[in-house]
Each structure stands twice: as structure tokens, then as C-alpha cells.
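> This is target.cif, which holds mmCIF, C-alpha atoms and all ligand atoms:
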```cif
data_start
loop_
_atom_site.label_atom_id
_atom_site.label_comp_id
_atom_site.auth_asym_id
_atom_site.auth_seq_id
_atom_site.Cartn_x
_atom_site.Cartn_y
_atom_site.Cartn_z
CA MET K 1 16.12 -10.89 -22.46
CA THR K 2 12.97 -11.23 -20.36
CA LEU K 3 14.83 -10.32 -17.18
CA ASP K 4 15.74 -6.93 -18.69
CA LYS K 5 12.02 -6.11 -18.71
CA PHE K 6 12.09 -5.96 -14.91
CA ARG K 7 14.65 -3.12 -15.00
CA LEU K 8 13.45 0.39 -14.16
CA GLU K 9 16.42 2.51 -15.25
CA ASN K 10 15.37 6.10 -16.00
CA LYS K 11 12.03 5.55 -14.29
CA ASN K 12 10.85 7.65 -11.34
CA VAL K 13 8.57 5.91 -8.90
CA LEU K 14 6.56 7.93 -6.38
CA ILE K 15 5.50 5.99 -3.29
CA THR K 16 2.93 7.23 -0.76
CA GLY K 17 3.23 6.19 2.88
CA ALA K 18 6.82 5.32 1.98
CA ALA K 19 8.21 5.56 5.51
CA GLY K 20 6.08 2.68 6.81
CA LEU K 21 6.79 -1.04 7.05
CA LEU K 22 6.01 -2.00 3.44
CA GLY K 23 6.74 1.42 1.90
CA LYS K 24 10.44 0.91 2.63
CA GLU K 25 10.29 -2.54 1.02
CA HIS K 26 8.61 -1.17 -2.11
CA ALA K 27 11.30 1.54 -2.31
CA SER K 28 14.10 -0.93 -1.89
CA ALA K 29 12.56 -3.24 -4.55
CA ILE K 30 12.44 -0.34 -7.04
CA LEU K 31 16.00 0.78 -6.30
CA GLU K 32 17.22 -2.81 -6.67
CA VAL K 33 16.08 -2.86 -10.32
CA GLY K 34 17.64 0.50 -11.16
CA GLY K 35 14.69 2.87 -10.62
CA LYS K 36 14.67 6.17 -8.76
CA VAL K 37 12.24 6.74 -5.90
CA ILE K 38 10.34 9.73 -4.60
CA LEU K 39 9.41 8.83 -1.05
CA THR K 40 6.41 10.67 0.36
CA ASP K 41 4.78 10.48 3.77
CA VAL K 42 3.32 12.77 6.42
CA THR K 43 6.41 13.09 8.63
CA LYS K 44 9.66 14.63 7.38
CA LYS K 45 11.72 12.92 10.12
CA LYS K 46 10.41 9.46 9.22
CA LEU K 47 11.25 10.15 5.56
CA GLU K 48 14.78 11.27 6.45
CA ASP K 49 15.30 8.13 8.53
CA THR K 50 14.00 5.99 5.65
CA LYS K 51 16.33 7.69 3.19
CA LYS K 52 19.26 7.08 5.56
CA ILE K 53 18.46 3.36 5.79
CA LEU K 54 18.07 2.98 2.01
CA SER K 55 21.20 5.06 1.32
CA SER K 56 23.36 2.48 3.06
CA GLN K 57 22.48 0.07 0.23
CA PHE K 58 21.64 2.29 -2.73
CA ASN K 59 22.80 5.52 -4.37
CA PRO K 60 21.37 8.42 -2.31
CA ASN K 61 21.03 10.43 -5.54
CA SER K 62 18.32 7.96 -6.58
CA ILE K 63 16.25 8.77 -3.50
CA LEU K 64 14.19 11.94 -3.15
CA ILE K 65 11.97 12.67 -0.18
CA SER K 66 8.97 14.94 0.01
CA LYS K 67 6.48 15.52 2.79
CA MET K 68 3.02 14.91 1.33
CA ASP K 69 -0.27 14.25 3.07
CA VAL K 70 -2.44 12.31 0.59
CA THR K 71 -5.62 13.71 2.12
CA LYS K 72 -4.58 17.23 1.08
CA LYS K 73 -4.93 17.85 -2.62
CA GLU K 74 -2.85 21.04 -2.31
CA ASP K 75 0.08 18.98 -0.90
CA ILE K 76 -0.06 16.57 -3.86
CA LEU K 77 -0.32 19.42 -6.37
CA LYS K 78 2.70 21.11 -4.78
CA VAL K 79 4.81 17.94 -5.00
CA SER K 80 3.71 17.47 -8.61
CA LYS K 81 4.62 21.09 -9.43
CA ASP K 82 8.01 20.88 -7.65
CA LEU K 83 8.86 17.67 -9.54
CA SER K 84 7.87 19.22 -12.88
CA LYS K 85 10.06 22.25 -12.11
CA SER K 86 12.98 19.88 -11.54
CA LYS K 87 12.08 18.07 -14.79
CA ILE K 88 11.25 14.88 -12.91
CA ARG K 89 8.43 12.89 -14.50
CA VAL K 90 6.52 10.44 -12.31
CA ASP K 91 6.51 7.25 -14.41
CA VAL K 92 5.09 4.97 -11.71
CA LEU K 93 2.83 5.75 -8.75
CA ILE K 94 2.46 3.35 -5.83
CA ASN K 95 -0.61 4.18 -3.72
CA ASN K 96 0.46 2.57 -0.47
CA ALA K 97 -0.50 5.03 2.31
CA ALA K 98 -3.02 3.84 4.86
CA ILE K 99 -3.96 4.11 8.47
CA ASN K 100 -2.92 0.60 9.34
CA PRO K 101 -2.76 0.08 13.10
CA LYS K 102 -0.81 -3.11 13.73
CA VAL K 103 -1.81 -6.07 15.86
CA GLY K 104 0.95 -5.75 18.43
CA LYS K 105 2.27 -8.08 21.12
CA LYS K 106 -1.05 -7.74 22.88
CA LEU K 107 -4.55 -7.32 21.46
CA ASN K 108 -6.60 -4.81 23.41
CA PRO K 109 -10.31 -4.92 24.17
CA THR K 110 -12.10 -2.17 22.30
CA LYS K 111 -15.64 -0.93 21.95
CA LYS K 112 -14.75 2.01 19.70
CA LEU K 113 -13.79 0.06 16.58
CA ARG K 114 -16.69 -2.36 16.70
CA PHE K 115 -19.21 -2.01 13.88
CA GLU K 116 -22.03 -0.95 16.22
CA ASN K 117 -20.00 1.96 17.61
CA PHE K 118 -17.76 2.95 14.71
CA SER K 119 -17.72 6.77 14.44
CA SER K 120 -18.14 8.92 11.36
CA GLU K 121 -14.89 10.72 12.35
CA ASP K 122 -12.90 7.46 12.13
CA TRP K 123 -14.75 6.48 8.94
CA ASN K 124 -13.88 9.80 7.28
CA LEU K 125 -10.27 9.85 8.44
CA GLU K 126 -9.50 6.31 7.30
CA LEU K 127 -11.32 6.58 3.97
CA ASP K 128 -9.67 9.93 3.32
CA VAL K 129 -6.21 8.38 3.61
CA GLY K 130 -6.77 4.94 2.08
CA LEU K 131 -9.27 5.71 -0.66
CA LYS K 132 -9.58 9.43 -1.34
CA GLY K 133 -5.79 9.78 -1.10
CA ALA K 134 -5.32 7.09 -3.76
CA PHE K 135 -7.93 8.84 -5.92
CA PHE K 136 -6.25 12.27 -5.60
CA CYS K 137 -2.78 10.86 -6.36
CA SER K 138 -4.07 8.83 -9.32
CA GLN K 139 -5.91 11.89 -10.62
CA ILE K 140 -2.94 14.24 -10.35
CA PHE K 141 -0.03 11.99 -11.34
CA GLY K 142 -2.12 9.79 -13.66
CA THR K 143 -3.35 12.78 -15.66
CA LYS K 144 0.27 13.74 -16.28
CA MET K 145 1.20 10.18 -17.27
CA ALA K 146 -1.65 10.15 -19.77
CA SER K 147 -0.89 13.57 -21.18
CA ASP K 148 2.28 12.72 -23.13
CA SER K 149 3.08 9.66 -25.19
CA LYS K 150 5.05 7.95 -22.43
CA GLY K 151 2.25 6.44 -20.32
CA GLY K 152 2.93 4.98 -16.91
CA VAL K 153 1.92 2.57 -14.19
CA ILE K 154 -0.28 2.96 -11.13
CA LEU K 155 -0.07 0.28 -8.47
CA ASN K 156 -2.61 0.29 -5.64
CA ILE K 157 -1.64 -1.58 -2.49
CA SER K 158 -4.78 -3.32 -1.34
CA SER K 159 -5.02 -6.43 0.89
CA ASP K 160 -6.19 -10.02 0.99
CA LEU K 161 -9.18 -8.40 2.72
CA SER K 162 -10.17 -7.04 -0.70
CA VAL K 163 -11.16 -10.60 -1.55
CA ILE K 164 -12.37 -12.05 1.75
CA SER K 165 -13.99 -10.67 4.87
CA PRO K 166 -11.84 -10.37 7.99
CA ASP K 167 -12.18 -13.47 10.15
CA GLN K 168 -12.92 -11.68 13.42
CA ARG K 169 -12.27 -14.90 15.38
CA ILE K 170 -8.52 -14.39 15.04
CA TYR K 171 -8.71 -11.09 16.95
CA GLN K 172 -10.82 -12.47 19.81
CA LEU K 173 -9.55 -12.50 23.38
CA LYS K 174 -10.48 -15.04 26.07
CA GLY K 175 -12.60 -13.85 29.00
CA ILE K 176 -13.84 -10.65 27.32
CA SER K 177 -17.50 -9.86 26.69
CA GLU K 178 -18.62 -9.89 23.06
CA ASP K 179 -19.26 -6.15 22.93
CA ASN K 180 -15.66 -5.48 23.94
CA GLN K 181 -13.85 -7.88 21.60
CA PRO K 182 -11.19 -6.42 19.30
CA VAL K 183 -12.07 -6.41 15.59
CA LYS K 184 -10.63 -5.47 12.24
CA PRO K 185 -12.60 -2.29 11.51
CA VAL K 186 -15.17 -2.07 8.72
CA THR K 187 -13.19 0.75 7.08
CA TYR K 188 -10.36 -1.64 6.21
CA SER K 189 -12.68 -3.85 4.15
CA VAL K 190 -14.39 -0.88 2.52
CA ILE K 191 -11.10 0.80 1.57
CA LYS K 192 -9.43 -2.33 0.27
CA ASN K 193 -12.47 -3.35 -1.79
CA GLY K 194 -12.82 0.25 -2.98
CA LEU K 195 -9.23 0.26 -4.20
CA ILE K 196 -10.04 -2.65 -6.51
CA GLY K 197 -12.88 -0.60 -8.01
CA LEU K 198 -10.52 2.35 -8.46
CA THR K 199 -7.96 0.02 -10.05
CA LYS K 200 -10.43 -1.29 -12.63
CA TYR K 201 -11.77 2.19 -13.37
CA VAL K 202 -8.35 3.75 -13.94
CA ALA K 203 -7.14 0.68 -15.88
CA THR K 204 -9.77 1.28 -18.56
CA TYR K 205 -9.88 5.09 -18.38
CA TRP K 206 -6.34 5.70 -19.64
CA SER K 207 -5.62 2.33 -21.25
CA LEU K 208 -5.18 3.80 -24.73
CA LYS K 209 -2.83 6.44 -23.30
CA GLY K 210 -0.42 3.76 -22.11
CA VAL K 211 -1.31 3.98 -18.41
CA ARG K 212 -1.76 0.60 -16.78
CA CYS K 213 -3.24 0.20 -13.31
CA ASN K 214 -3.15 -2.90 -11.10
CA ALA K 215 -3.54 -3.79 -7.45
CA LEU K 216 -1.31 -5.86 -5.23
CA SER K 217 -3.15 -7.55 -2.37
CA PRO K 218 -0.74 -8.73 0.30
CA GLY K 219 -1.53 -11.04 3.19
CA GLY K 220 -0.45 -10.19 6.73
CA VAL K 221 3.23 -9.55 7.43
CA LEU K 222 4.77 -11.20 10.48
CA THR K 223 6.12 -8.60 12.91
CA ASP K 224 5.74 -8.82 16.68
CA GLN K 225 2.09 -9.89 16.84
CA ASP K 226 0.48 -11.65 19.78
CA ASN K 227 1.35 -15.40 19.68
CA GLU K 228 -2.23 -16.61 19.90
CA PHE K 229 -3.18 -14.31 17.01
CA ILE K 230 -0.33 -15.68 14.88
CA LYS K 231 -1.33 -19.29 15.60
CA LYS K 232 -4.96 -18.61 14.68
CA LEU K 233 -4.03 -16.76 11.48
CA ASN K 234 -1.49 -19.40 10.40
CA ARG K 235 -4.26 -22.00 10.48
CA LEU K 236 -6.14 -19.97 7.84
CA ILE K 237 -3.19 -19.88 5.45
CA PRO K 238 -2.42 -22.95 3.30
CA LEU K 239 1.34 -22.21 3.53
CA GLY K 240 0.87 -22.23 7.31
CA ARG K 241 2.63 -18.93 7.99
CA MET K 242 2.42 -15.17 7.64
CA ALA K 243 4.58 -13.32 5.09
CA SER K 244 7.97 -11.85 5.74
CA LYS K 245 8.10 -8.19 4.80
CA ASP K 246 10.35 -8.80 1.76
CA GLU K 247 8.05 -11.32 0.08
CA TYR K 248 6.15 -8.69 -1.94
CA ARG K 249 9.21 -7.13 -3.50
CA SER K 250 9.35 -9.29 -6.63
CA THR K 251 5.65 -8.69 -7.33
CA VAL K 252 6.19 -4.93 -6.97
CA GLN K 253 9.10 -5.13 -9.43
CA TYR K 254 6.94 -7.15 -11.83
CA LEU K 255 3.88 -4.90 -11.65
CA CYS K 256 5.84 -1.64 -11.93
CA SER K 257 7.92 -2.70 -14.92
CA GLU K 258 7.54 -3.76 -18.55
CA ALA K 259 7.63 -7.35 -17.32
CA SER K 260 3.89 -6.94 -16.72
CA SER K 261 3.20 -4.97 -19.93
CA TYR K 262 0.01 -6.96 -20.71
CA VAL K 263 -1.33 -7.00 -17.14
CA ASN K 264 -3.98 -4.33 -16.60
CA GLY K 265 -6.84 -3.89 -14.13
CA GLN K 266 -5.93 -6.98 -12.11
CA ASN K 267 -5.83 -7.70 -8.42
CA ILE K 268 -2.69 -9.76 -7.80
CA VAL K 269 -3.21 -11.57 -4.51
CA VAL K 270 -0.05 -12.66 -2.71
CA ASP K 271 -1.28 -14.29 0.47
CA GLY K 272 0.18 -17.78 0.93
CA GLY K 273 -3.13 -19.06 -0.44
CA ARG K 274 -5.32 -17.67 2.34
CA THR K 275 -8.07 -16.50 0.00
CA ILE K 276 -8.53 -19.89 -1.70
CA TRP K 277 -9.53 -21.57 1.57
N1 LIG K 301 1.55 -4.87 6.91
C1 LIG K 301 0.69 -5.77 6.50
O1 LIG K 301 0.60 -6.89 7.05
C2 LIG K 301 -0.22 -5.48 5.33
C3 LIG K 301 -1.01 -6.51 4.81
C4 LIG K 301 -1.86 -6.24 3.74
C5 LIG K 301 -1.90 -4.96 3.20
N2 LIG K 301 -1.13 -3.97 3.74
C6 LIG K 301 -1.22 -2.65 3.13
O2 LIG K 301 0.07 -2.21 2.77
C7 LIG K 301 0.17 -0.80 2.89
C8 LIG K 301 1.33 -0.44 3.80
O3 LIG K 301 1.11 -1.03 5.06
P1 LIG K 301 2.20 -0.98 6.21
O4 LIG K 301 2.07 -2.22 6.98
O5 LIG K 301 3.52 -0.57 5.67
O6 LIG K 301 1.58 0.21 7.10
P2 LIG K 301 2.37 1.32 7.92
O7 LIG K 301 1.39 1.84 8.92
O8 LIG K 301 3.66 0.78 8.43
O9 LIG K 301 2.66 2.43 6.83
C9 LIG K 301 1.67 3.26 6.33
C10 LIG K 301 2.29 4.62 6.09
O10 LIG K 301 1.26 5.50 5.59
C11 LIG K 301 1.53 6.78 6.15
N3 LIG K 301 0.34 7.64 6.16
C12 LIG K 301 -0.69 7.64 7.04
N4 LIG K 301 -1.52 8.67 6.76
C13 LIG K 301 -1.02 9.29 5.68
C14 LIG K 301 -1.42 10.43 4.91
N5 LIG K 301 -2.51 11.14 5.24
N6 LIG K 301 -0.65 10.80 3.86
C15 LIG K 301 0.46 10.11 3.53
N7 LIG K 301 0.90 9.04 4.21
C16 LIG K 301 0.17 8.65 5.28
C17 LIG K 301 1.99 6.50 7.58
O11 LIG K 301 2.71 7.61 8.10
C18 LIG K 301 2.86 5.26 7.37
O12 LIG K 301 4.22 5.57 7.18
C19 LIG K 301 -1.18 -0.34 3.44
O13 LIG K 301 -1.99 0.08 2.38
C20 LIG K 301 -1.73 -1.59 4.09
O14 LIG K 301 -3.11 -1.58 4.19
C21 LIG K 301 -0.29 -4.19 4.77
#
```
What would the structure in this file look like if it were written as C-alpha cells?


Amino acid sequence: MTLDKFRLENKNVLITGAAGLLGKEHASAILEVGGKVILTDVTKKKLEDTKKILSSQFNPNSILISKMDVTKKEDILKVSKDLSKSKIRVDVLINNAAINPKVGKKLNPTKKLRFENFSSEDWNLELDVGLKGAFFCSQIFGTKMASDSKGGVILNISSDLSVISPDQRIYQLKGISEDNQPVKPVTYSVIKNGLIGLTKYVATYWSLKGVRCNALSPGGVLTDQDNEFIKKLNRLIPLGRMASKDEYRSTVQYLCSEASSYVNGQNIVVDGGRTIW
């Protein structure tokens, strides 16, 4: 049965940045199809809270948590070693961690994030998390996946901004000078485009060892954003609305399972059609 191919029984899925908005959704999607999750993030408390939420719906024995900062190779190596000691093989890796400041109820004027003023400290910090972190995790867990006959899957969470440039007009505020207008920072574009390069590289590097690598590029998730921002963004999306946070779950299940066994090196864009306009 084709539907059986979506099942992830006996598979361990490690998720980075798992305590965030979409990390929880990825975890829940994996648990729903019978997989086990290893939730990793920088804050123990946030991980414990996430486990508590997921445990109300799923078997707590299927949920492990581990503090892991993706910018620190020694953290990732320690988690990998601890899992090996417990005879837990990482079958699927979801590189999801990012510094992803949300557009909240109110957009704020900012000079700091504008291209002209963007600092090397912010550049390094954001690229370390979003790009170098994905590289380290792919290197460490991917090498293990490739080293026995079992293979595995790496899924990089990118963004619709891996395909298009941010439309800075949607962040603009009325009555603010140009040099103070909020923007989506350059790092976001660089990281999300970079992840597609990493995806293609890894997808060919270990292809004959049974390791597939793909990217999922979501569009913006509706939370509590500023109303004007939502209206402007909705006009750029053929479906006329932002995503709800659970609308990526089926794609995560597809890309992490045998259901996508012949999909490799692709960027699967799930964005209500925004990138075709
Ligand atoms: N939310 C959206 O609308 C949206 C849209 C497109 C793409 N994305 C992408 O989806 C992914 C998840 O986004 P989100 O909205 O859940 O963001 P989020 O900010 O809610 O979650 C990101 C998580 O990453 C963690 N993190 C930060 N630095 C880390 C580090 N050094 N090591 C490990 N973890 C670290 C944070 O603690 C946080 O829990 C990101 O890659 C983001 O770019 C999100």
C-alpha cells in the first residue's frame, strides 16, 4: 500500500531548533506516522515544555530531548556519541534551527538590519546558526547514515526566500524615513539560498550510500503579525493567505519517509503559489 510508505516506525528523527514554532509541528508530524523524535534546541526548559505538549498526544517514550547548540561542533558530537551509546541511530535529520525573528503585532523602525548598516557580528551569528549549523549536523549525522548499509534522509528547512528576493515593501511603515524602514535582513536570503546549495551537494555526495537530501521551502506562517503586513503579503500570494502552522506537516512526512524514495536534491516549495507570481 502506498500509504504505508509514509510510516516511520523504527525510525529516529533528529530535529534541530525543535522547540520553535515549526519545530514542534515537524515533531508532531513525525510522531503521527509512527516515528521517534530526538528534539534538540539551545534551551533545556523550552525542550521540556515542548516534550510536555507533545506527550499529551503521543507516547512520551518516543520523544527524547537533548540540549544542542548547532553552532558548537562539540555539542553535536556529544549528542551523536550519547545516542550511539544508547544504540539510537539517527535515520533522519531535519535541519530546522534558525535565528528567525518574527514580524510581530507591530513592525519597528530599524537602522541596524538595513543592508547599508548590517554588522559582521550579526552576519556571523545568523550564518553560524542557519548555514554552518546545518553543515555541521549534516556532516556528523550524515557521515553515520552513509557509513552502514541503511542510509538515511536529510531535510533542510529553507524558505520561499530561497527562490525569490524579499519584497521589502511589505515591511515598510508609513511616515518613516527610508533609512529607518524595517527590512528582511540580507542574511535570511543568503542562508536560505545557501541551504539549497548544501542540499544539492549532499544529495549527490552520499547518493550511492542511500542518503537522500531535500529542502522544504515554506511560505510565511500566520501568527500575530501586524494587520497591514498581513494584507500586503496576502496580495503577493495566489491563494490570498498566509499558511497555518500545520500546513507543512504532510510534506515533512512525505520527504522524511519512503514515500519520497525517488526524490533527491530537490527544493519543495510550499508557499500558496507566492513564488510563481
Ligand atoms: N515561521 C515561518 O513563517 C517560516 C517561513 C519560512 C521558513 N521558516 C523556517 O522554518 C524554520 C523554523 O522557523 P520557526 O518559525 O519555527 O522559527 P522559531 O524562531 O520559532 O524556531 C527556531 C528555533 O531555532 C532555535 N535556535 C536558534 N539558535 C539555535 C542554535 N544555535 N542551535 C540550535 N537551535 C537554535 C531557537 O531556539 C528556536 O527554538 C527556520 O529555518 C525558518 O527560517 C519559517

> Dump the neighbourhood of ligand LIG 301 (chain K) as number ranges by chain: all residues within 9 Å, distances computed on all atoms listed in the file.

K: 16-25, 40-43, 46-47, 67-72, 95-102, 125-126, 128-130, 133, 156-161, 188, 191-192, 216-223, 242-245, 271

> Go ahead and dump the residues you just picked, C-alpha atoms, as a PDB file, keeping the file's coordinate frame.


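Generated file (again.pdb):
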```
ATOM      1  CA  THR K  16       2.930   7.230  -0.760  1.00  0.00           C
ATOM      2  CA  GLY K  17       3.230   6.190   2.880  1.00  0.00           C
ATOM      3  CA  ALA K  18       6.820   5.320   1.980  1.00  0.00           C
ATOM      4  CA  ALA K  19       8.210   5.560   5.510  1.00  0.00           C
ATOM      5  CA  GLY K  20       6.080   2.680   6.810  1.00  0.00           C
ATOM      6  CA  LEU K  21       6.790  -1.040   7.050  1.00  0.00           C
ATOM      7  CA  LEU K  22       6.010  -2.000   3.440  1.00  0.00           C
ATOM      8  CA  GLY K  23       6.740   1.420   1.900  1.00  0.00           C
ATOM      9  CA  LYS K  24      10.440   0.910   2.630  1.00  0.00           C
ATOM     10  CA  GLU K  25      10.290  -2.540   1.020  1.00  0.00           C
ATOM     11  CA  THR K  40       6.410  10.670   0.360  1.00  0.00           C
ATOM     12  CA  ASP K  41       4.780  10.480   3.770  1.00  0.00           C
ATOM     13  CA  VAL K  42       3.320  12.770   6.420  1.00  0.00           C
ATOM     14  CA  THR K  43       6.410  13.090   8.630  1.00  0.00           C
ATOM     15  CA  LYS K  46      10.410   9.460   9.220  1.00  0.00           C
ATOM     16  CA  LEU K  47      11.250  10.150   5.560  1.00  0.00           C
ATOM     17  CA  LYS K  67       6.480  15.520   2.790  1.00  0.00           C
ATOM     18  CA  MET K  68       3.020  14.910   1.330  1.00  0.00           C
ATOM     19  CA  ASP K  69      -0.270  14.250   3.070  1.00  0.00           C
ATOM     20  CA  VAL K  70      -2.440  12.310   0.590  1.00  0.00           C
ATOM     21  CA  THR K  71      -5.620  13.710   2.120  1.00  0.00           C
ATOM     22  CA  LYS K  72      -4.580  17.230   1.080  1.00  0.00           C
ATOM     23  CA  ASN K  95      -0.610   4.180  -3.720  1.00  0.00           C
ATOM     24  CA  ASN K  96       0.460   2.570  -0.470  1.00  0.00           C
ATOM     25  CA  ALA K  97      -0.500   5.030   2.310  1.00  0.00           C
ATOM     26  CA  ALA K  98      -3.020   3.840   4.860  1.00  0.00           C
ATOM     27  CA  ILE K  99      -3.960   4.110   8.470  1.00  0.00           C
ATOM     28  CA  ASN K 100      -2.920   0.600   9.340  1.00  0.00           C
ATOM     29  CA  PRO K 101      -2.760   0.080  13.100  1.00  0.00           C
ATOM     30  CA  LYS K 102      -0.810  -3.110  13.730  1.00  0.00           C
ATOM     31  CA  LEU K 125     -10.270   9.850   8.440  1.00  0.00           C
ATOM     32  CA  GLU K 126      -9.500   6.310   7.300  1.00  0.00           C
ATOM     33  CA  ASP K 128      -9.670   9.930   3.320  1.00  0.00           C
ATOM     34  CA  VAL K 129      -6.210   8.380   3.610  1.00  0.00           C
ATOM     35  CA  GLY K 130      -6.770   4.940   2.080  1.00  0.00           C
ATOM     36  CA  GLY K 133      -5.790   9.780  -1.100  1.00  0.00           C
ATOM     37  CA  ASN K 156      -2.610   0.290  -5.640  1.00  0.00           C
ATOM     38  CA  ILE K 157      -1.640  -1.580  -2.490  1.00  0.00           C
ATOM     39  CA  SER K 158      -4.780  -3.320  -1.340  1.00  0.00           C
ATOM     40  CA  SER K 159      -5.020  -6.430   0.890  1.00  0.00           C
ATOM     41  CA  ASP K 160      -6.190 -10.020   0.990  1.00  0.00           C
ATOM     42  CA  LEU K 161      -9.180  -8.400   2.720  1.00  0.00           C
ATOM     43  CA  TYR K 188     -10.360  -1.640   6.210  1.00  0.00           C
ATOM     44  CA  ILE K 191     -11.100   0.800   1.570  1.00  0.00           C
ATOM     45  CA  LYS K 192      -9.430  -2.330   0.270  1.00  0.00           C
ATOM     46  CA  LEU K 216      -1.310  -5.860  -5.230  1.00  0.00           C
ATOM     47  CA  SER K 217      -3.150  -7.550  -2.370  1.00  0.00           C
ATOM     48  CA  PRO K 218      -0.740  -8.730   0.300  1.00  0.00           C
ATOM     49  CA  GLY K 219      -1.530 -11.040   3.190  1.00  0.00           C
ATOM     50  CA  GLY K 220      -0.450 -10.190   6.730  1.00  0.00           C
ATOM     51  CA  VAL K 221       3.230  -9.550   7.430  1.00  0.00           C
ATOM     52  CA  LEU K 222       4.770 -11.200  10.480  1.00  0.00           C
ATOM     53  CA  THR K 223       6.120  -8.600  12.910  1.00  0.00           C
ATOM     54  CA  MET K 242       2.420 -15.170   7.640  1.00  0.00           C
ATOM     55  CA  ALA K 243       4.580 -13.320   5.090  1.00  0.00           C
ATOM     56  CA  SER K 244       7.970 -11.850   5.740  1.00  0.00           C
ATOM     57  CA  LYS K 245       8.100  -8.190   4.800  1.00  0.00           C
ATOM     58  CA  ASP K 271      -1.280 -14.290   0.470  1.00  0.00           C
TER      59      ASP K 271
END
```

> Have a look at CA of Lys51 (chain K) and CA of Ala146 (chain K) and let me know their distance in Å, one decimal.

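Interatomic distance here is 29.3 Å.
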
> Between CA of Val103 (chain K) and CA of Lys44 (chain K), what distance in Å does the model show, to one decimal?

25.1 Å

> Which residues are close to Tyr262 (chain K), i.e. within 12 Å by all atoms listed in the file, leaving aside same-chain residues fewer than 4 positions away? Reply as a PyMOL selection string.

chain K and resi 153+203+207+210-214+254-258+266

> Rounded to one decimal, what separation in Å do you get between CA of Glu178 (chain K) and CA of Phe229 (chain K)?

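A separation of 17.2 Å between them.
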
> For each of K:Lys174, K:Lys184, K:Lys45, K:Lys144, take the minimum atom-to-atom distance to Arg114 (chain K), counting all atoms listed in the file, then give the residue where this is smallest.

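Nearest to Arg114 (chain K): K:Lys184.
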
> Using only C-alpha atoms, which of K:Cys137, K:Val79, K:Val186, K:Leu127 sits nearest Leu113 (chain K)?

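Of K:Cys137, K:Val79, K:Val186, K:Leu127, the one nearest Leu113 (chain K), counting only C-alpha atoms, is K:Val186.
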
> Would you mind completing region 102-115 of chain K so that it carries N, CA and C atoms, and writing it out as a PDB file, in the frame of the given file?


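What follows is the written file selection_33.pdb:
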```
ATOM      1  N   LYS K 102      -1.267  -1.728  13.730  1.00  0.00           N
ATOM      2  CA  LYS K 102      -0.810  -3.110  13.730  1.00  0.00           C
ATOM      3  C   LYS K 102      -1.374  -3.882  14.918  1.00  0.00           C
ATOM      4  N   VAL K 103      -1.547  -5.188  14.719  1.00  0.00           N
ATOM      5  CA  VAL K 103      -1.810  -6.070  15.860  1.00  0.00           C
ATOM      6  C   VAL K 103      -0.460  -6.222  16.551  1.00  0.00           C
ATOM      7  N   GLY K 104      -0.349  -5.705  17.747  1.00  0.00           N
ATOM      8  CA  GLY K 104       0.950  -5.750  18.430  1.00  0.00           C
ATOM      9  C   GLY K 104       1.093  -7.003  19.275  1.00  0.00           C
ATOM     10  N   LYS K 105       2.015  -6.938  20.230  1.00  0.00           N
ATOM     11  CA  LYS K 105       2.270  -8.080  21.120  1.00  0.00           C
ATOM     12  C   LYS K 105       1.025  -8.465  21.881  1.00  0.00           C
ATOM     13  N   LYS K 106       0.146  -7.487  22.089  1.00  0.00           N
ATOM     14  CA  LYS K 106      -1.050  -7.740  22.880  1.00  0.00           C
ATOM     15  C   LYS K 106      -2.256  -7.106  22.177  1.00  0.00           C
ATOM     16  N   LEU K 107      -3.311  -7.890  21.987  1.00  0.00           N
ATOM     17  CA  LEU K 107      -4.550  -7.320  21.460  1.00  0.00           C
ATOM     18  C   LEU K 107      -5.304  -6.659  22.605  1.00  0.00           C
ATOM     19  N   ASN K 108      -5.891  -5.519  22.350  1.00  0.00           N
ATOM     20  CA  ASN K 108      -6.600  -4.810  23.410  1.00  0.00           C
ATOM     21  C   ASN K 108      -8.103  -4.829  23.197  1.00  0.00           C
ATOM     22  N   PRO K 109      -8.856  -5.001  24.297  1.00  0.00           N
ATOM     23  CA  PRO K 109     -10.310  -4.920  24.170  1.00  0.00           C
ATOM     24  C   PRO K 109     -10.686  -3.543  23.644  1.00  0.00           C
ATOM     25  N   THR K 110     -11.685  -3.484  22.804  1.00  0.00           N
ATOM     26  CA  THR K 110     -12.100  -2.170  22.300  1.00  0.00           C
ATOM     27  C   THR K 110     -13.575  -2.155  21.936  1.00  0.00           C
ATOM     28  N   LYS K 111     -14.232  -1.104  22.337  1.00  0.00           N
ATOM     29  CA  LYS K 111     -15.640  -0.930  21.950  1.00  0.00           C
ATOM     30  C   LYS K 111     -15.697  -0.021  20.721  1.00  0.00           C
ATOM     31  N   LYS K 112     -14.722   0.904  20.664  1.00  0.00           N
ATOM     32  CA  LYS K 112     -14.750   2.010  19.700  1.00  0.00           C
ATOM     33  C   LYS K 112     -14.731   1.536  18.240  1.00  0.00           C
ATOM     34  N   LEU K 113     -13.952   0.488  17.973  1.00  0.00           N
ATOM     35  CA  LEU K 113     -13.790   0.060  16.580  1.00  0.00           C
ATOM     36  C   LEU K 113     -14.840  -0.943  16.130  1.00  0.00           C
ATOM     37  N   ARG K 114     -15.669  -1.377  17.080  1.00  0.00           N
ATOM     38  CA  ARG K 114     -16.690  -2.360  16.700  1.00  0.00           C
ATOM     39  C   ARG K 114     -17.738  -1.702  15.795  1.00  0.00           C
ATOM     40  N   PHE K 115     -18.288  -2.511  14.915  1.00  0.00           N
ATOM     41  CA  PHE K 115     -19.210  -2.010  13.880  1.00  0.00           C
ATOM     42  C   PHE K 115     -20.335  -1.158  14.472  1.00  0.00           C
TER      43      PHE K 115
END
```
